[in-house]
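The block underneath contains the structure these notes are about, expressed in structure tokens.
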Amino acid sequence: MPNAIYQLIYIFALIFTGIMYDYIKGNLVEKNPAFAVLETAGIGYMIYISLNTYPHLIDGKEEKLYVHQVVREDAQILFGFYDRSERVLFRHLISVSGIGPNTAILLLSSMSPAELVKVITTAQTDRLKTIKGIGGKTAERIIVDLRDKLDKVETSAEKFIIPHNTKKEEALTGLTVLGFTRKSAEKAVDAAWRKLSQLPGEPDSPGVDDLIKEALKNL
């Protein structure tokens with residue numbers, strides 16, 4: 001009996017600390033800029049992702065996402081990341097008072113992990129304040145709490161181009177999931193599309209992640 005009790009305590013500890021799963025590997029059956037669905041053993045896991053993870057995922061292929069589980073009274077939510085370093089950065093962000101998982105994902109979707117680490121370690125408060133929901137005090141708190149910790153975080157600055165013809169619609173979906181109205185999102189995406197399509201050296205068709213990052217600057 002004591003062993004059973006200890007096992008239950010261990011299981012509940014895992015659940016409430018959000019580390020029940022390390023990663024989930026399965027067939028990618030659905031994806032958009034806000035979430036992906038991985039199917040494994042007949043179960044489809046809905047996993048919220050950032051724009052940095054989105055370009056790595058290929059429809060119909062077996063994919064692996066490192067996950068962070070958030071357990072609430074009314075829901076159990078999974079956040080997924082293509083590599084461990086982005087998950088490390090996500091966990092650093094949610095350790096800051098006032099930064100929840102959704103805000104952390106928005107931060108990670110507004111710039112690459114490498115850019116975000118640089119912004120924080122070089123104390124670029126004004127850059128953080130351009131992100132929705134991040135005011136002056138919150139930006140300063142992020143920098144104070146994480147500046148020294150992030151010096152050791154390794155991040156990747158690789159950039160991927162997404163070969164889809166529905167990029168604007170996927171960008172709109174991602175923005176509406178993040179809480180923006182479709183009307184304001186459409187204006188921001190249209191402006192971002194025009195700007196990115198005209199940049200020298202840029203592809204004629206901007207990627208979804210680039211579209212959303214640029215649109216977020218105008219929302």
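Chain identifiers are assigned as A, B, and so on, following the order in which chains appear in the structure tokens; residues are numbered from 1 within each chain, and ligands are numbered from 1 in order of appearance.
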
Considering only C-alpha atoms, return as a list in words whatever protein or nucleic-acid residues lie within 7 Å of Thr121 of chain A, sequence-local ones (same chain, fewer than 3 positions apart) excluded.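 Those residues are Val117, Lys118, Ile143, Arg147, Leu150 and Asp151 of chain A.
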
Could you give me the residues within chain A that DSSP places in alpha helix (DSSP H), as a ChimeraX atom specification? /A:2-16,84-94,101-110,113-121,125-129,136-146,167-177,182-198,208-216

Nearest residue to Gly44 of chain A out of A:Thr138, A:Asn27, A:Ser197, A:Asn32, using only C-alpha atoms?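 Residue with the minimum atom-to-atom distance to Gly44 of chain A: A:Asn27.
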
State, in Å with one decimal place, the distance from atom CA of Ala188 of chain A to atom CA of Leu219 of chain A. 6.8 Å

Which residue of A:Ala171, A:Ile47, A:Val29, A:Val208 approaches Asp59 of chain A most closely, using only C-alpha atoms: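 Checking each candidate against Asp59 of chain A, we get A:Val29 as the closest.
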
May I ask for the distance between atom CA of Met111 of chain A and atom CA of Lys64 of chain A, given in Å to one decimal place?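 Here the two named atoms are 22.2 Å from each other.
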
With distances taken over only C-alpha atoms, which residue among A:Ile142, A:Lys187, A:Ala75, A:Pro55 lies nearest His92 of chain A?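 When distances to His92 of chain A are compared using only C-alpha atoms, the smallest one comes from A:Ile142.
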
Extract, using only C-alpha atoms, all DNA, RNA and protein residues at most 12 Å from segment 131-136 of chain A, discarding same-chain residues fewer than 2 positions from it, and format them as JSON, numbers by chain. {"A": [98, 99, 100, 102, 103, 104, 105, 106, 107, 108, 109, 110, 111, 116, 123, 124, 125, 126, 127, 128, 129, 138, 139, 140, 141, 142, 143, 175, 178, 179, 180, 213, 214, 215, 216, 217, 218, 219]}

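The residue that comes closest to Val70 of chain A, out of A:Glu30, A:Arg91, A:Asp83, A:Asn52 and on the basis of only C-alpha atoms, is A:Arg91.
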
I'd like the neighbourhood of Glu62 of chain A as a list of chain:residue names, where a residue qualifies if any of its atoms comes within 7 Å (using only C-alpha atoms), though same-chain residues fewer than 5 positions away should be ignored.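 The residues that qualify are A:Lys25, A:Gly26, A:Asn27, A:Leu28.
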
Write out, as a tab-separated table (two decimals), in the first residue's frame, the residues just selected, with N, CA and C atoms.
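Output contents, as saved in out-v7.tsv:
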```tsv
chain	number	residue	atom	x	y	z
A	25	LYS	N	5.97	12.20	-30.42
A	25	LYS	CA	6.33	11.92	-31.81
A	25	LYS	C	5.14	11.24	-32.49
A	26	GLY	N	4.77	11.72	-33.65
A	26	GLY	CA	3.64	11.12	-34.35
A	26	GLY	C	3.45	11.73	-35.71
A	27	ASN	N	2.46	11.26	-36.42
A	27	ASN	CA	2.16	11.75	-37.75
A	27	ASN	C	1.47	13.11	-37.68
A	28	LEU	N	1.96	14.05	-38.44
A	28	LEU	CA	1.36	15.39	-38.45
A	28	LEU	C	0.10	15.36	-39.33
```

Could you tell me, as a PyMOL selection string, which residues of segment 21-182 of chain A DSSP assigns to strand (DSSP E) when given the backbone? chain A and resi 23-31+35-40+43-48+62-71+76-81

Of the listed residues A:Asp190, A:Asp209, A:Glu86, A:Asp22, that which approaches Ala114 of chain A most closely, counting only C-alpha atoms: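 Comparing A:Asp190, A:Asp209, A:Glu86, A:Asp22 against Ala114 of chain A, the winner is A:Glu86.
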
With only C-alpha atoms as the atoms that count, which of A:Ile43, A:Val119, A:Ile58, A:Ala36 lies nearest to Phe81 of chain A?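 That would be A:Ala36, the residue with the smallest distance to Phe81 of chain A.
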
May I have the residues within 9 Å of Ile77 of chain A as a PyMOL selection string, using only C-alpha atoms and disregarding those fewer than 3 positions away in the same chain? chain A and resi 46-48+68-72

Would you mind exporting the chosen residues as an mmCIF file, in the first residue's frame, restricted to N, CA, C and O atoms?
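The result, written out as again37.cif:
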```cif
data_model
loop_
_atom_site.group_PDB
_atom_site.id
_atom_site.type_symbol
_atom_site.label_atom_id
_atom_site.label_comp_id
_atom_site.auth_asym_id
_atom_site.auth_seq_id
_atom_site.Cartn_x
_atom_site.Cartn_y
_atom_site.Cartn_z
ATOM 1 N N MET A 46 -3.475 17.863 -29.685
ATOM 2 C CA MET A 46 -3.482 19.247 -30.142
ATOM 3 C C MET A 46 -2.427 20.008 -29.352
ATOM 4 O O MET A 46 -2.499 20.096 -28.126
ATOM 5 N N ILE A 47 -1.443 20.551 -30.064
ATOM 6 C CA ILE A 47 -0.290 21.163 -29.422
ATOM 7 C C ILE A 47 -0.111 22.582 -29.954
ATOM 8 O O ILE A 47 0.050 22.789 -31.158
ATOM 9 N N TYR A 48 -0.133 23.558 -29.067
ATOM 10 C CA TYR A 48 0.049 24.942 -29.468
ATOM 11 C C TYR A 48 1.530 25.200 -29.753
ATOM 12 O O TYR A 48 2.403 24.745 -29.012
ATOM 13 N N HIS A 68 5.608 21.174 -23.347
ATOM 14 C CA HIS A 68 5.430 21.682 -21.990
ATOM 15 C C HIS A 68 3.940 21.600 -21.695
ATOM 16 O O HIS A 68 3.124 22.111 -22.467
ATOM 17 N N GLN A 69 3.592 20.946 -20.616
ATOM 18 C CA GLN A 69 2.182 20.739 -20.280
ATOM 19 C C GLN A 69 1.741 21.715 -19.195
ATOM 20 O O GLN A 69 2.417 21.889 -18.186
ATOM 21 N N VAL A 70 0.620 22.343 -19.448
ATOM 22 C CA VAL A 70 0.016 23.246 -18.463
ATOM 23 C C VAL A 70 -1.295 22.622 -18.003
ATOM 24 O O VAL A 70 -2.175 22.318 -18.817
ATOM 25 N N VAL A 71 -1.419 22.403 -16.704
ATOM 26 C CA VAL A 71 -2.621 21.785 -16.148
ATOM 27 C C VAL A 71 -3.424 22.831 -15.383
ATOM 28 O O VAL A 71 -2.911 23.478 -14.476
ATOM 29 N N ARG A 72 -4.686 22.998 -15.801
ATOM 30 C CA ARG A 72 -5.600 23.928 -15.128
ATOM 31 C C ARG A 72 -6.819 23.159 -14.649
ATOM 32 O O ARG A 72 -6.999 21.988 -14.997
#
```
